[in-house]
>>> print(open('target.tsv').read())   # TSV, C-alpha atoms
chain	number	residue	atom	x	y	z
L	364	MET	CA	58.86	81.65	76.33
L	365	PRO	CA	57.20	78.77	74.47
L	366	PHE	CA	58.02	75.07	74.61
L	367	VAL	CA	58.02	72.53	71.80
L	368	GLN	CA	57.73	68.77	72.10
L	369	ALA	CA	60.68	67.27	70.21
L	370	ASN	CA	60.59	63.49	70.23
L	371	SER	CA	60.40	62.57	73.93
L	372	HIS	CA	61.54	65.89	75.42
L	373	ARG	CA	60.01	69.30	76.09
L	374	LEU	CA	62.36	72.03	74.86
L	375	ASN	CA	62.28	75.75	75.44
L	376	TYR	CA	62.68	77.78	72.26
L	377	ALA	CA	62.19	81.17	70.64
L	378	ASP	CA	61.14	81.93	67.06
L	379	SER	CA	61.66	85.32	65.42
L	380	HIS	CA	59.10	84.62	62.66
L	381	PRO	CA	56.50	82.08	63.87
L	382	ASP	CA	54.49	82.49	60.67
L	383	GLY	CA	57.43	81.51	58.46
L	384	ALA	CA	60.63	82.94	57.02
L	385	PRO	CA	60.48	86.27	55.15
L	386	ALA	CA	60.23	86.08	51.37
L	387	ASN	CA	63.53	84.91	49.88
L	388	GLY	CA	64.89	84.23	53.38
L	389	HIS	CA	66.04	81.09	55.16
L	390	THR	CA	65.09	79.48	58.43
L	391	ILE	CA	68.15	79.27	60.68
L	392	ILE	CA	68.17	77.06	63.78
L	393	PHE	CA	70.78	77.58	66.50
L	394	ILE	CA	72.25	74.94	68.86
L	395	HIS	CA	74.27	76.22	71.82
L	396	GLY	CA	77.25	74.68	73.58
L	397	LEU	CA	77.81	73.10	76.99
L	398	GLY	CA	76.83	75.30	79.94
L	399	SER	CA	75.02	77.72	77.69
L	400	SER	CA	71.55	78.50	76.37
L	401	GLN	CA	69.76	79.94	73.38
L	402	ASN	CA	70.59	83.39	74.79
L	403	TYR	CA	74.19	82.85	73.72
L	404	TYR	CA	73.06	83.72	70.19
L	405	TYR	CA	71.20	86.93	70.96
L	406	PRO	CA	74.21	89.17	70.20
L	407	VAL	CA	74.20	87.85	66.60
L	408	ILE	CA	70.49	87.44	65.86
L	409	PRO	CA	69.83	91.16	65.15
L	410	HIS	CA	72.12	90.80	62.12
L	411	LEU	CA	69.81	88.15	60.67
L	412	THR	CA	66.15	88.68	61.47
L	413	GLU	CA	65.41	91.29	58.80
L	414	LYS	CA	65.90	88.64	56.11
L	415	HIS	CA	65.77	85.30	57.92
L	416	ARG	CA	63.73	83.35	60.46
L	417	CYS	CA	65.80	82.52	63.56
L	418	ILE	CA	64.87	79.64	65.87
L	419	THR	CA	66.89	79.23	69.07
L	420	VAL	CA	66.59	76.16	71.31
L	421	ASP	CA	67.69	75.20	74.80
L	422	THR	CA	68.86	71.61	74.31
L	423	TYR	CA	67.51	68.91	76.60
L	424	GLY	CA	68.91	69.28	80.13
L	425	ALA	CA	70.26	72.79	79.56
L	426	ALA	CA	68.94	76.16	80.74
L	427	ARG	CA	65.09	76.15	80.65
L	428	SER	CA	64.66	72.73	79.01
L	429	PRO	CA	64.12	70.48	82.04
L	430	TYR	CA	66.33	67.48	82.69
L	431	THR	CA	64.32	64.34	83.45
L	432	ASN	CA	67.20	61.90	84.08
L	433	ASP	CA	67.35	60.49	80.54
L	434	SER	CA	70.73	59.73	79.01
L	435	VAL	CA	71.95	62.15	76.36
L	436	SER	CA	73.99	61.66	73.20
L	437	ILE	CA	75.11	63.91	70.36
L	438	PRO	CA	73.14	61.89	67.76
L	439	GLY	CA	70.14	62.12	70.09
L	440	ILE	CA	70.42	65.92	70.26
L	441	ALA	CA	70.66	66.02	66.46
L	442	ASP	CA	67.49	63.92	66.19
L	443	GLU	CA	65.71	66.29	68.57
L	444	ILE	CA	66.67	69.27	66.42
L	445	ILE	CA	65.01	67.48	63.51
L	446	GLY	CA	62.06	66.97	65.86
L	447	VAL	CA	61.90	70.72	66.48
L	448	LEU	CA	61.92	71.40	62.75
L	449	ASP	CA	59.17	68.81	62.28
L	450	ALA	CA	57.03	70.30	65.06
L	451	LEU	CA	57.41	73.79	63.59
L	452	ARG	CA	56.81	72.48	60.04
L	453	VAL	CA	60.20	73.58	58.70
L	454	PRO	CA	61.29	71.32	55.83
L	455	LYS	CA	64.88	72.62	55.60
L	456	ALA	CA	67.09	74.98	57.58
L	457	ILE	CA	70.57	76.37	57.94
L	458	VAL	CA	71.98	74.84	61.14
L	459	VAL	CA	74.30	76.83	63.41
L	460	GLY	CA	76.11	75.20	66.32
L	461	HIS	CA	78.69	76.32	68.87
L	462	SER	CA	81.17	73.95	70.60
L	463	MET	CA	79.00	70.98	71.62
L	464	GLY	CA	76.51	72.37	69.13
L	465	GLY	CA	79.28	72.14	66.55
L	466	LEU	CA	79.29	68.38	67.11
L	467	VAL	CA	75.53	68.43	66.57
L	468	VAL	CA	75.54	70.43	63.32
L	469	THR	CA	78.22	68.25	61.74
L	470	GLU	CA	76.06	65.26	62.73
L	471	LEU	CA	73.06	66.94	61.12
L	472	GLY	CA	75.01	67.77	57.98
L	473	SER	CA	76.24	64.21	57.59
L	474	ARG	CA	73.10	62.24	58.59
L	475	HIS	CA	70.25	64.57	57.68
L	476	ALA	CA	71.49	66.18	54.47
L	477	ASN	CA	67.97	66.39	53.07
L	478	ARG	CA	66.98	68.76	55.92
L	479	VAL	CA	70.10	70.94	55.93
L	480	GLN	CA	70.64	73.89	53.58
L	481	GLY	CA	73.90	75.00	55.16
L	482	VAL	CA	76.12	74.33	58.17
L	483	VAL	CA	77.78	76.92	60.40
L	484	ALA	CA	80.15	75.45	63.00
L	485	ILE	CA	81.42	77.95	65.61
L	486	GLY	CA	84.39	76.65	67.59
L	487	PRO	CA	83.30	73.07	66.88
L	488	THR	CA	84.62	70.39	69.20
L	489	HIS	CA	86.50	67.51	67.57
L	490	PRO	CA	86.50	64.32	69.70
L	491	SER	CA	89.84	63.47	71.35
L	492	GLU	CA	91.23	61.61	74.35
L	493	LEU	CA	91.88	64.94	76.11
L	494	LEU	CA	88.25	65.94	75.59
L	495	VAL	CA	87.08	62.66	77.14
L	496	THR	CA	89.23	63.30	80.22
L	497	VAL	CA	88.11	66.92	80.62
L	498	MET	CA	84.41	66.16	80.21
L	499	ASN	CA	84.42	63.21	82.60
L	500	LYS	CA	86.18	65.33	85.22
L	501	ARG	CA	83.65	68.15	84.81
L	502	SER	CA	80.79	65.72	85.19
L	503	GLU	CA	82.21	64.45	88.46
L	504	THR	CA	82.90	67.97	89.74
L	505	VAL	CA	79.41	69.40	89.19
L	506	LEU	CA	77.68	66.35	90.64
L	507	GLU	CA	79.75	66.80	93.79
L	508	ALA	CA	79.90	70.59	94.08
L	509	GLY	CA	77.22	72.04	91.81
L	510	MET	CA	77.79	74.64	89.10
L	511	GLU	CA	79.80	77.12	91.18
L	512	PRO	CA	83.25	75.70	90.28
L	513	MET	CA	82.41	75.99	86.56
L	514	ALA	CA	80.88	79.45	86.95
L	515	ASN	CA	83.94	80.69	88.82
L	516	ALA	CA	86.52	79.31	86.37
L	517	ILE	CA	85.24	79.06	82.79
L	518	PRO	CA	84.34	82.75	82.20
L	519	PHE	CA	87.95	83.66	82.83
L	520	ALA	CA	89.83	80.65	81.46
L	521	ALA	CA	87.93	80.14	78.19
L	522	VAL	CA	87.80	83.65	76.73
L	523	GLY	CA	90.27	85.61	74.63
L	524	SER	CA	92.22	88.79	75.28
L	525	ARG	CA	89.48	91.02	73.83
L	526	SER	CA	86.83	89.89	76.34
L	527	THR	CA	85.31	92.40	78.74
L	528	ALA	CA	84.11	92.12	82.33
L	529	LEU	CA	80.50	92.36	81.13
L	530	GLN	CA	81.01	89.47	78.71
L	531	LYS	CA	82.53	87.36	81.45
L	532	ALA	CA	79.57	88.17	83.70
L	533	PHE	CA	77.15	87.01	80.96
L	534	ILE	CA	79.04	83.72	80.59
L	535	ARG	CA	79.04	83.27	84.36
L	536	GLU	CA	75.28	83.75	84.44
L	537	LEU	CA	74.77	81.17	81.69
L	538	LEU	CA	76.78	78.62	83.65
L	539	SER	CA	75.21	79.46	87.02
L	540	GLY	CA	71.74	78.78	85.65
L	541	GLN	CA	72.40	75.18	84.63
L	542	ASP	CA	70.99	72.09	86.32
L	543	PRO	CA	74.11	70.23	87.54
L	544	LYS	CA	72.59	66.85	86.61
L	545	GLY	CA	71.73	68.08	83.13
L	546	TYR	CA	75.17	69.62	82.72
L	547	ALA	CA	76.82	66.37	83.82
L	548	ALA	CA	74.71	64.38	81.35
L	549	LEU	CA	75.78	66.71	78.54
L	550	CYS	CA	79.42	66.34	79.63
L	551	ARG	CA	79.04	62.58	79.31
L	552	ALA	CA	77.42	63.00	75.87
L	553	ILE	CA	80.46	64.96	74.69
L	554	ALA	CA	82.87	62.46	76.26
L	555	SER	CA	81.20	59.58	74.43
L	556	ALA	CA	80.83	61.40	71.10
L	557	LYS	CA	82.37	60.04	67.94
L	558	ALA	CA	83.53	62.26	65.11
L	559	SER	CA	80.83	62.82	62.51
L	560	ASP	CA	81.39	61.63	58.96
L	561	TYR	CA	82.74	65.01	57.89
L	562	ALA	CA	83.23	63.82	54.32
L	563	ALA	CA	79.46	63.26	54.05
L	564	ILE	CA	78.80	66.98	54.56
L	565	GLN	CA	78.17	68.52	51.17
L	566	ALA	CA	76.00	71.52	52.09
L	567	PRO	CA	77.62	74.98	52.10
L	568	PHE	CA	79.85	75.11	55.16
L	569	LEU	CA	81.23	77.92	57.33
L	570	LEU	CA	83.61	77.32	60.23
L	571	ILE	CA	84.27	80.21	62.63
L	572	ALA	CA	87.25	79.75	64.95
L	573	GLY	CA	88.74	81.83	67.76
L	574	GLU	CA	92.42	82.61	67.46
L	575	GLU	CA	92.81	82.17	71.24
L	576	ASP	CA	90.36	79.29	71.69
L	577	LYS	CA	91.80	76.72	74.10
L	578	SER	CA	88.68	74.51	74.10
L	579	ALA	CA	88.28	73.96	70.35
L	580	SER	CA	91.83	73.95	69.09
L	581	MET	CA	92.78	75.33	65.69
L	582	GLU	CA	94.19	71.90	64.90
L	583	GLY	CA	90.80	70.28	65.50
L	584	CYS	CA	88.95	73.02	63.59
L	585	GLN	CA	91.33	72.65	60.65
L	586	HIS	CA	90.84	68.88	60.67
L	587	ILE	CA	87.07	69.28	60.46
L	588	PHE	CA	87.33	71.92	57.74
L	589	ASP	CA	89.76	69.92	55.63
L	590	HIS	CA	87.58	66.79	55.69
L	591	VAL	CA	84.23	68.42	54.83
L	592	SER	CA	83.35	67.66	51.20
L	593	SER	CA	81.36	70.81	50.46
L	594	GLN	CA	82.34	72.62	47.28
L	595	SER	CA	81.43	75.88	49.03
L	596	LYS	CA	83.24	76.17	52.35
L	597	SER	CA	85.15	78.85	54.24
L	598	LEU	CA	87.14	79.15	57.47
L	599	GLU	CA	87.16	82.43	59.40
L	600	VAL	CA	89.49	83.05	62.36
L	601	LEU	CA	88.60	85.80	64.87
L	602	THR	CA	91.59	87.65	66.30
L	603	GLY	CA	91.76	87.91	70.09
L	604	VAL	CA	88.72	85.67	70.58
L	605	GLY	CA	88.52	82.58	72.76
L	606	HIS	CA	85.79	79.96	72.96
L	607	TRP	CA	82.68	82.14	73.52
L	608	HIS	CA	82.66	83.69	70.06
L	609	CYS	CA	79.10	85.04	69.90
L	610	ILE	CA	79.54	86.85	73.21
L	611	GLU	CA	83.13	88.01	72.66
L	612	ALA	CA	82.63	89.16	69.05
L	613	GLY	CA	78.90	89.20	68.40
L	614	ASP	CA	78.91	91.77	65.61
L	615	GLU	CA	81.65	89.97	63.71
L	616	VAL	CA	80.02	86.56	64.06
L	617	GLY	CA	76.63	87.99	63.14
L	618	GLY	CA	78.05	89.59	60.04
L	619	LEU	CA	79.76	86.37	58.97
L	620	ILE	CA	76.60	84.29	59.43
L	621	ALA	CA	74.50	86.88	57.59
L	622	LYS	CA	76.91	86.91	54.64
L	623	PHE	CA	76.90	83.12	54.59
L	624	ALA	CA	73.10	82.80	54.81
L	625	ASN	CA	72.56	85.42	52.12
L	626	GLY	CA	74.75	83.37	49.78
L	627	VAL	CA	72.99	80.03	50.33
L	628	SER	CA	70.51	79.09	47.62
L	629	LEU	CA	66.89	78.63	48.62
>>> encode(input="target.tsv", output="structure tokens")
Amino acid sequence: MPFVQANSHRLNYADSHPDGAPANGHTIIFIHGLGSSQNYYYPVIPHLTEKHRCITVDTYGAARSPYTNDSVSIPGIADEIIGVLDALRVPKAIVVGHSMGGLVVTELGSRHANRVQGVVAIGPTHPSELLVTVMNKRSETVLEAGMEPMANAIPFAAVGSRSTALQKAFIRELLSGQDPKGYAALCRAIASAKASDYAAIQAPFLLIAGEEDKSASMEGCQHIFDHVSSQSKSLEVLTGVGHWHCIEAGDEVGGLIAKFANGVSL
């Protein structure tokens, strides 16, 4: 898999159409959540690549993008996504983010409106005191005990009633492959995150929530949705789905993103 230099970091990525998006199609860039990787999106990408260019990225410190002991912040991740687009000569893109990536895409939509054609937030995290406590505790845990405690707990605690044993195994593998120091740094980035200026988001906006999501509450998702200023926005709730939407309900999520992307003006 190739790497791209984005600002000061070397990021692993994949690109379905390296020569550019198909005619009348968009470029879509995907940002994963905590403890995940670009592979999280592979259940949904087949719904998109016939018409659109799909770029997936392992964020700094996650999966195959090496952690080099730099501090991490949500605005910094957003700036690096712009760096990826710059390096690949993409002037504008639809941005898709899950969980932590949801923080990033709302940041992109509010601060980099000239580069964003549309925003898809999947189980986006809204900053709260509880989130600060949870993330700081996780950071401490993995630095002491490695990724095993997360890999043994999250695949079972964070999914919905529809999830299968195979889906849980996939989530466990994503978590097991993380660098504990990189994971801890990303935990601290989430803990220190401030809510984006949701009202500044005017691009077409899609929020996908899980009915049984305990990590990104419906209350937080509704708050984000209600405060986005876009004249074209929609909220979709997936029945029986927890926090790992693209793994638990890949076909549904893929169909929703495809419908959204097909409706966004070039």
>>> residues_around(input="target.tsv", residues="Pro381 in chain L", least_positions_apart="6", cutoff="9 Å", atoms="only C-alpha atoms", output="PyMOL selection string")
chain L and resi 416+418+451
>>> residues_around(input="target.tsv", residues="range 364-379 of chain L", least_positions_apart="2", cutoff="10 Å", atoms="only C-alpha atoms", output="PDB file with C-alpha atoms, in the frame of the given file")
ATOM      1  CA  PRO L 381      56.500  82.080  63.870  1.00  0.00           C
ATOM      2  CA  ASP L 382      54.490  82.490  60.670  1.00  0.00           C
ATOM      3  CA  GLY L 383      57.430  81.510  58.460  1.00  0.00           C
ATOM      4  CA  ALA L 384      60.630  82.940  57.020  1.00  0.00           C
ATOM      5  CA  THR L 390      65.090  79.480  58.430  1.00  0.00           C
ATOM      6  CA  ILE L 391      68.150  79.270  60.680  1.00  0.00           C
ATOM      7  CA  ILE L 392      68.170  77.060  63.780  1.00  0.00           C
ATOM      8  CA  PHE L 393      70.780  77.580  66.500  1.00  0.00           C
ATOM      9  CA  SER L 400      71.550  78.500  76.370  1.00  0.00           C
ATOM     10  CA  GLN L 401      69.760  79.940  73.380  1.00  0.00           C
ATOM     11  CA  ASN L 402      70.590  83.390  74.790  1.00  0.00           C
ATOM     12  CA  ILE L 408      70.490  87.440  65.860  1.00  0.00           C
ATOM     13  CA  LEU L 411      69.810  88.150  60.670  1.00  0.00           C
ATOM     14  CA  THR L 412      66.150  88.680  61.470  1.00  0.00           C
ATOM     15  CA  GLU L 413      65.410  91.290  58.800  1.00  0.00           C
ATOM     16  CA  HIS L 415      65.770  85.300  57.920  1.00  0.00           C
ATOM     17  CA  ARG L 416      63.730  83.350  60.460  1.00  0.00           C
ATOM     18  CA  CYS L 417      65.800  82.520  63.560  1.00  0.00           C
ATOM     19  CA  ILE L 418      64.870  79.640  65.870  1.00  0.00           C
ATOM     20  CA  THR L 419      66.890  79.230  69.070  1.00  0.00           C
ATOM     21  CA  VAL L 420      66.590  76.160  71.310  1.00  0.00           C
ATOM     22  CA  ASP L 421      67.690  75.200  74.800  1.00  0.00           C
ATOM     23  CA  THR L 422      68.860  71.610  74.310  1.00  0.00           C
ATOM     24  CA  TYR L 423      67.510  68.910  76.600  1.00  0.00           C
ATOM     25  CA  GLY L 424      68.910  69.280  80.130  1.00  0.00           C
ATOM     26  CA  ALA L 425      70.260  72.790  79.560  1.00  0.00           C
ATOM     27  CA  ALA L 426      68.940  76.160  80.740  1.00  0.00           C
ATOM     28  CA  ARG L 427      65.090  76.150  80.650  1.00  0.00           C
ATOM     29  CA  SER L 428      64.660  72.730  79.010  1.00  0.00           C
ATOM     30  CA  PRO L 429      64.120  70.480  82.040  1.00  0.00           C
ATOM     31  CA  TYR L 430      66.330  67.480  82.690  1.00  0.00           C
ATOM     32  CA  THR L 431      64.320  64.340  83.450  1.00  0.00           C
ATOM     33  CA  ASP L 433      67.350  60.490  80.540  1.00  0.00           C
ATOM     34  CA  GLY L 439      70.140  62.120  70.090  1.00  0.00           C
ATOM     35  CA  ILE L 440      70.420  65.920  70.260  1.00  0.00           C
ATOM     36  CA  ASP L 442      67.490  63.920  66.190  1.00  0.00           C
ATOM     37  CA  GLU L 443      65.710  66.290  68.570  1.00  0.00           C
ATOM     38  CA  ILE L 444      66.670  69.270  66.420  1.00  0.00           C
ATOM     39  CA  ILE L 445      65.010  67.480  63.510  1.00  0.00           C
ATOM     40  CA  GLY L 446      62.060  66.970  65.860  1.00  0.00           C
ATOM     41  CA  VAL L 447      61.900  70.720  66.480  1.00  0.00           C
ATOM     42  CA  LEU L 448      61.920  71.400  62.750  1.00  0.00           C
ATOM     43  CA  ASP L 449      59.170  68.810  62.280  1.00  0.00           C
ATOM     44  CA  ALA L 450      57.030  70.300  65.060  1.00  0.00           C
ATOM     45  CA  LEU L 451      57.410  73.790  63.590  1.00  0.00           C
TER      46      LEU L 451
END
>>> closest_residue(input="target.tsv", among="L:Leu538, L:Gly464, L:Arg551, L:Asp589", to="Lys500 in chain L", atoms="all atoms listed in the file")
L:Arg551
>>> residues_around(input="target.tsv", residues="Pro490 in chain L", least_positions_apart="3", cutoff="10 Å", atoms="only C-alpha atoms", output="ChimeraX atom specification")
/L:466,487,493-495,553-559,579,583
>>> residues_around(input="target.tsv", residues="Leu570 in chain L", least_positions_apart="4", cutoff="8 Å", atoms="only C-alpha atoms", output="list in words")
Val483, Ala484, Ile485, Gly486, Pro487, Cys584, Phe588, Lys596, Ser597, Leu598 and Glu599 of chain L
>>> build_atoms(input="target.tsv", residues="range 455-470 of chain L", atoms="N, CA, C and O atoms", output="compact mmCIF listing (two decimals), keeping the file's coordinate frame")
# COMPACT_ATOMS: atom_id res chain seq x y z
N LYS L 455 63.42 72.50 55.68
CA LYS L 455 64.88 72.62 55.60
C LYS L 455 65.34 73.87 56.33
O LYS L 455 64.61 74.86 56.43
N ALA L 456 66.56 73.82 56.85
CA ALA L 456 67.09 74.98 57.58
C ALA L 456 68.61 75.03 57.46
O ALA L 456 69.27 74.02 57.19
N ILE L 457 69.14 76.21 57.68
CA ILE L 457 70.57 76.37 57.94
C ILE L 457 70.78 76.06 59.42
O ILE L 457 70.03 76.56 60.27
N VAL L 458 71.74 75.23 59.74
CA VAL L 458 71.98 74.84 61.14
C VAL L 458 73.26 75.51 61.63
O VAL L 458 74.30 75.48 60.96
N VAL L 459 73.17 76.12 62.80
CA VAL L 459 74.30 76.83 63.41
C VAL L 459 74.57 76.22 64.77
O VAL L 459 73.65 76.09 65.59
N GLY L 460 75.80 75.81 65.04
CA GLY L 460 76.11 75.20 66.32
C GLY L 460 77.44 75.67 66.87
O GLY L 460 78.42 75.80 66.13
N HIS L 461 77.47 75.90 68.18
CA HIS L 461 78.69 76.32 68.87
C HIS L 461 79.20 75.21 69.78
O HIS L 461 78.44 74.62 70.54
N SER L 462 80.50 74.89 69.69
CA SER L 462 81.17 73.95 70.60
C SER L 462 80.47 72.60 70.57
O SER L 462 80.51 71.91 69.56
N MET L 463 79.80 72.20 71.65
CA MET L 463 79.00 70.98 71.62
C MET L 463 78.00 71.03 70.48
O MET L 463 77.76 70.03 69.78
N GLY L 464 77.42 72.20 70.26
CA GLY L 464 76.51 72.37 69.13
C GLY L 464 77.19 72.19 67.80
O GLY L 464 76.55 71.85 66.80
N GLY L 465 78.52 72.41 67.77
CA GLY L 465 79.28 72.14 66.55
C GLY L 465 79.31 70.65 66.25
O GLY L 465 79.25 70.24 65.08
N LEU L 466 79.41 69.82 67.30
CA LEU L 466 79.29 68.38 67.11
C LEU L 466 77.92 68.04 66.52
O LEU L 466 77.80 67.19 65.64
N VAL L 467 76.89 68.72 67.01
CA VAL L 467 75.53 68.43 66.57
C VAL L 467 75.32 68.82 65.11
O VAL L 467 74.74 68.06 64.34
N VAL L 468 75.81 70.00 64.71
CA VAL L 468 75.54 70.43 63.32
C VAL L 468 76.34 69.62 62.31
O VAL L 468 75.86 69.42 61.18
N THR L 469 77.52 69.14 62.67
CA THR L 469 78.22 68.25 61.74
C THR L 469 77.49 66.90 61.64
O THR L 469 77.44 66.29 60.57
N GLU L 470 76.88 66.47 62.75
CA GLU L 470 76.06 65.26 62.73
C GLU L 470 74.83 65.47 61.83
O GLU L 470 74.47 64.61 61.03
